[in-house]
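Q: Here it is, the structure in full.
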Amino acid sequence: MRVLLVEDDRLLGSALAGGLKHAGHTVDWFQDGVAADAAVAATAYDAIVLDLGLPRRGGMDLLREWRARERTRALPVLVITARDRIADRIAGLDAGADDYMVKPVDLDEMAARLRALERRRAGEGTPVIALGAIAIDPAAKAVTRDGTEVPLTPREFAILMALAHRKGYTLSVDQLRNALYGFAEDIDSNAIEVHVHNLRRKLGRGVVETVRGFGYRIGQA
Ligand code: CA
């Protein structure tokens with residue numbers, strides 16, 4: 001997933017960004033509310049990890065605004081905050097947070113909560129995603145074909161997840177690139193095509209379809 005992390009504490013932010021990357025996500029980290037809002041306006045994120053106490057613009061204010069906008073209304077937001085008072089938690093949830101963690105944040109727990117948000121967003125109740133003969137386990141980052149494990153690179157896995165979560169929809173090369181790479185990363189213009197080619201070779205034909213002139217999709221297999 002492409003995740004926006006908004007946290008002004010440098011030490012904590014750096015630890016959380018590292019933890020998210022380790023969990024296989026692409027992370028953009030911003031340290032104030034105004035920069036975070038600009039990033040959300042420019043980028044299609046899959047989830048946001050949001051601190052509430054932020055310089056320039058508070059997290060609660062951002063959350064209310066994102067929920068009011070059509071494009072970000074359903075975007076999964078995991079709020080993290082030092083404020084452990086019940087009233088703050090309730091206010092955060094009422095403002096539209098999908099989940100809540102109180103600092104200190106455990107990295108494994110954060111990764112698990114993001115996986116749960118990702119599943120809920122995709123409308124899946126079960127942790128393993130089945131696509132015909134292919135089964136994807138997001139927690140284990142494991143893919144099997146007819147029960148046999150298929151080793152994928154992190155990028156291939158990320159592309160497969162992005163397509164699997166939007167089964168039946170076509171994603172353009174730009175949308176996949178956006179889902180996979182952060183702002184700071186310089187990428188080869190046909191990197192996505194190369195990853196898709198390798199993914200097909202490993203998964204077999206017919207799983208990832210090409211929609212000529214538009215992009216790629218996973219059908220209703
Ligand atoms: Ca803070």
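Chain labels follow the order of the structure tokens: the first chain is A, the next B, and so on; residue numbering restarts at 1 in every chain, and ligands are counted from 1 in their shown order.
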Please report as CSV every residue of chain A lying within 7 Å of ligand 1, along with the nearest atom pair and their distance in Å (one decimal), using only C-alpha atoms and all ligand atoms.
A:
residue,atom,partner,partner_atom_place_in_ligand_line,distance
A:Glu7,CA,ligand 1,1 (Ca),5.9
A:Asp8,CA,ligand 1,1 (Ca),5.1
A:Asp9,CA,ligand 1,1 (Ca),5.8
A:Asp51,CA,ligand 1,1 (Ca),5.7
A:Leu52,CA,ligand 1,1 (Ca),6.2
A:Gly53,CA,ligand 1,1 (Ca),4.1
A:Leu54,CA,ligand 1,1 (Ca),4.9
Q: Dump all heavy atoms for the selected residues as a short mmCIF file (atom, residue, chain, number, x, y, z; two decimals), in the first residue's frame?
A:
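Result file result_22.cif:
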data_model
loop_
_atom_site.label_atom_id
_atom_site.label_comp_id
_atom_site.auth_asym_id
_atom_site.auth_seq_id
_atom_site.Cartn_x
_atom_site.Cartn_y
_atom_site.Cartn_z
N GLU A 7 3.43 12.69 11.20
CA GLU A 7 3.91 12.64 12.59
C GLU A 7 5.04 13.66 12.73
O GLU A 7 6.01 13.61 11.99
CB GLU A 7 4.41 11.21 12.91
CG GLU A 7 5.18 11.07 14.21
CD GLU A 7 4.36 11.48 15.42
OE1 GLU A 7 3.39 10.80 15.74
OE2 GLU A 7 4.72 12.52 16.05
N ASP A 8 4.89 14.58 13.69
CA ASP A 8 5.89 15.65 13.81
C ASP A 8 7.08 15.28 14.70
O ASP A 8 8.12 15.92 14.63
CB ASP A 8 5.25 16.95 14.30
CG ASP A 8 4.61 16.77 15.66
OD1 ASP A 8 3.91 15.76 15.86
OD2 ASP A 8 4.81 17.64 16.52
N ASP A 9 6.93 14.25 15.49
CA ASP A 9 8.06 13.82 16.33
C ASP A 9 9.05 13.06 15.45
O ASP A 9 8.72 12.02 14.88
CB ASP A 9 7.53 12.92 17.46
CG ASP A 9 8.63 12.51 18.41
OD1 ASP A 9 9.52 11.73 18.00
OD2 ASP A 9 8.60 12.98 19.56
N ASP A 51 -1.08 11.49 13.22
CA ASP A 51 -0.92 12.00 14.57
C ASP A 51 -1.92 13.16 14.73
O ASP A 51 -2.24 13.84 13.76
CB ASP A 51 0.53 12.49 14.72
CG ASP A 51 0.82 13.06 16.10
OD1 ASP A 51 0.18 12.61 17.07
OD2 ASP A 51 1.68 13.94 16.20
N LEU A 52 -2.42 13.39 15.94
CA LEU A 52 -3.40 14.48 16.10
C LEU A 52 -2.74 15.81 16.43
O LEU A 52 -3.12 16.85 15.90
CB LEU A 52 -4.42 14.12 17.19
CG LEU A 52 -5.43 13.02 16.82
CD1 LEU A 52 -6.46 12.86 17.93
CD2 LEU A 52 -6.13 13.29 15.49
N GLY A 53 -1.74 15.80 17.30
CA GLY A 53 -1.08 17.04 17.67
C GLY A 53 0.02 17.38 16.67
O GLY A 53 1.10 16.79 16.71
N LEU A 54 -0.28 18.30 15.75
CA LEU A 54 0.66 18.62 14.66
C LEU A 54 0.87 20.12 14.53
O LEU A 54 -0.06 20.88 14.80
CB LEU A 54 0.09 18.12 13.33
CG LEU A 54 -0.05 16.62 13.10
CD1 LEU A 54 -0.93 16.37 11.89
CD2 LEU A 54 1.32 15.98 12.93
#
Q: Could you write out, as an NGL selection string, all the residues of chain A that DSSP marks as alpha helix (DSSP H)?
A: :A and (10-22 or 33-42 or 59-68 or 86-94 or 107-121 or 154-164 or 173-180 or 191-203)
Q: Which of these, A:Asp137, A:Asp46, A:Asp146, A:Glu65, has the shortest distance to A:Leu176 once you count only C-alpha atoms?
A: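 That would be A:Asp46, the residue with the smallest distance to A:Leu176.
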Q: Let me make sure I understand: among A:Arg64, A:Ile80, A:Arg115, A:Arg57, which one has the smallest atom-to-atom distance to A:Asp94 if we use only C-alpha atoms?
A: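 Closest to A:Asp94, using only C-alpha atoms: A:Arg64.
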Q: So that I can see what lies close to A:Pro104, please list as a short mmCIF file (atom, residue, chain, number, x, y, z; two decimals) with all heavy atoms, in the first residue's frame the residues with an atom at most 12 Å from it, counting only C-alpha atoms and leaving out residues fewer than 5 positions away in the same chain.
A:
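Output file around_12.cif follows:
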data_model
loop_
_atom_site.label_atom_id
_atom_site.label_comp_id
_atom_site.auth_asym_id
_atom_site.auth_seq_id
_atom_site.Cartn_x
_atom_site.Cartn_y
_atom_site.Cartn_z
N LEU A 11 11.86 11.37 15.99
CA LEU A 11 12.28 10.02 16.38
C LEU A 11 11.19 8.99 16.12
O LEU A 11 11.41 7.95 15.49
CB LEU A 11 12.63 10.00 17.86
CG LEU A 11 14.12 10.07 18.18
CD1 LEU A 11 14.33 10.32 19.67
CD2 LEU A 11 14.81 8.78 17.75
N LEU A 12 9.98 9.34 16.60
CA LEU A 12 8.85 8.42 16.42
C LEU A 12 8.52 8.27 14.94
O LEU A 12 8.30 7.17 14.44
CB LEU A 12 7.63 8.92 17.19
CG LEU A 12 6.38 8.06 17.06
CD1 LEU A 12 6.60 6.67 17.60
CD2 LEU A 12 5.19 8.70 17.76
N GLY A 13 8.50 9.40 14.22
CA GLY A 13 8.17 9.38 12.79
C GLY A 13 9.13 8.48 12.02
O GLY A 13 8.73 7.69 11.17
N ALA A 15 10.89 6.01 13.23
CA ALA A 15 10.65 4.61 13.61
C ALA A 15 9.41 4.06 12.89
O ALA A 15 9.41 2.94 12.37
CB ALA A 15 10.48 4.48 15.12
N LEU A 16 8.34 4.88 12.85
CA LEU A 16 7.10 4.42 12.21
C LEU A 16 7.30 4.25 10.70
O LEU A 16 6.84 3.26 10.11
CB LEU A 16 5.96 5.41 12.46
CG LEU A 16 5.48 5.54 13.92
CD1 LEU A 16 4.37 6.59 14.01
CD2 LEU A 16 4.98 4.21 14.45
N ASP A 51 -1.08 11.49 13.22
CA ASP A 51 -0.92 12.00 14.57
C ASP A 51 -1.92 13.16 14.73
O ASP A 51 -2.24 13.84 13.76
CB ASP A 51 0.53 12.49 14.72
CG ASP A 51 0.82 13.06 16.10
OD1 ASP A 51 0.18 12.61 17.07
OD2 ASP A 51 1.68 13.94 16.20
N ILE A 80 -3.01 8.07 15.46
CA ILE A 80 -2.13 7.77 16.60
C ILE A 80 -1.99 9.05 17.41
O ILE A 80 -1.86 10.14 16.86
CB ILE A 80 -0.73 7.29 16.16
CG1 ILE A 80 -0.17 8.17 15.06
CG2 ILE A 80 -0.76 5.85 15.73
CD1 ILE A 80 1.30 7.94 14.80
N THR A 81 -2.04 8.91 18.70
CA THR A 81 -1.90 10.11 19.51
C THR A 81 -1.41 9.80 20.90
O THR A 81 -1.59 8.69 21.40
CB THR A 81 -3.24 10.88 19.58
OG1 THR A 81 -3.04 12.04 20.39
CG2 THR A 81 -4.31 10.03 20.21
N ALA A 82 -0.77 10.79 21.49
CA ALA A 82 -0.30 10.64 22.87
C ALA A 82 -1.44 10.85 23.84
O ALA A 82 -1.38 10.46 24.99
CB ALA A 82 0.81 11.64 23.14
N ARG A 83 -2.49 11.49 23.36
CA ARG A 83 -3.61 11.80 24.25
C ARG A 83 -4.41 10.54 24.50
O ARG A 83 -5.10 10.04 23.62
CB ARG A 83 -4.52 12.83 23.59
CG ARG A 83 -3.80 14.10 23.28
CD ARG A 83 -4.74 14.97 22.50
NE ARG A 83 -4.02 15.74 21.50
CZ ARG A 83 -4.61 16.57 20.66
NH1 ARG A 83 -5.91 16.70 20.67
NH2 ARG A 83 -3.90 17.25 19.80
N ASP A 84 -4.29 10.03 25.70
CA ASP A 84 -4.99 8.77 25.95
C ASP A 84 -6.30 8.99 26.68
O ASP A 84 -6.90 8.06 27.18
CB ASP A 84 -4.06 7.81 26.72
CG ASP A 84 -3.54 8.42 27.99
OD1 ASP A 84 -3.83 9.61 28.23
OD2 ASP A 84 -2.86 7.71 28.75
N GLU A 109 1.76 -4.21 15.81
CA GLU A 109 0.32 -3.97 15.96
C GLU A 109 -0.16 -2.99 14.90
O GLU A 109 -1.23 -3.16 14.31
CB GLU A 109 0.01 -3.44 17.36
CG GLU A 109 -1.49 -3.34 17.60
CD GLU A 109 -1.84 -2.67 18.93
OE1 GLU A 109 -0.93 -2.46 19.75
OE2 GLU A 109 -3.03 -2.37 19.10
N MET A 110 0.65 -1.94 14.64
CA MET A 110 0.27 -0.97 13.62
C MET A 110 0.13 -1.65 12.26
O MET A 110 -0.84 -1.41 11.52
CB MET A 110 1.30 0.16 13.54
CG MET A 110 0.95 1.21 12.50
SD MET A 110 2.14 2.56 12.45
CE MET A 110 3.60 1.72 11.89
#
Q: To one decimal place, how far is atom CA of A:Leu203 from atom CA of A:Gly24 in Å?
A: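 Interatomic distance here is 20.0 Å.
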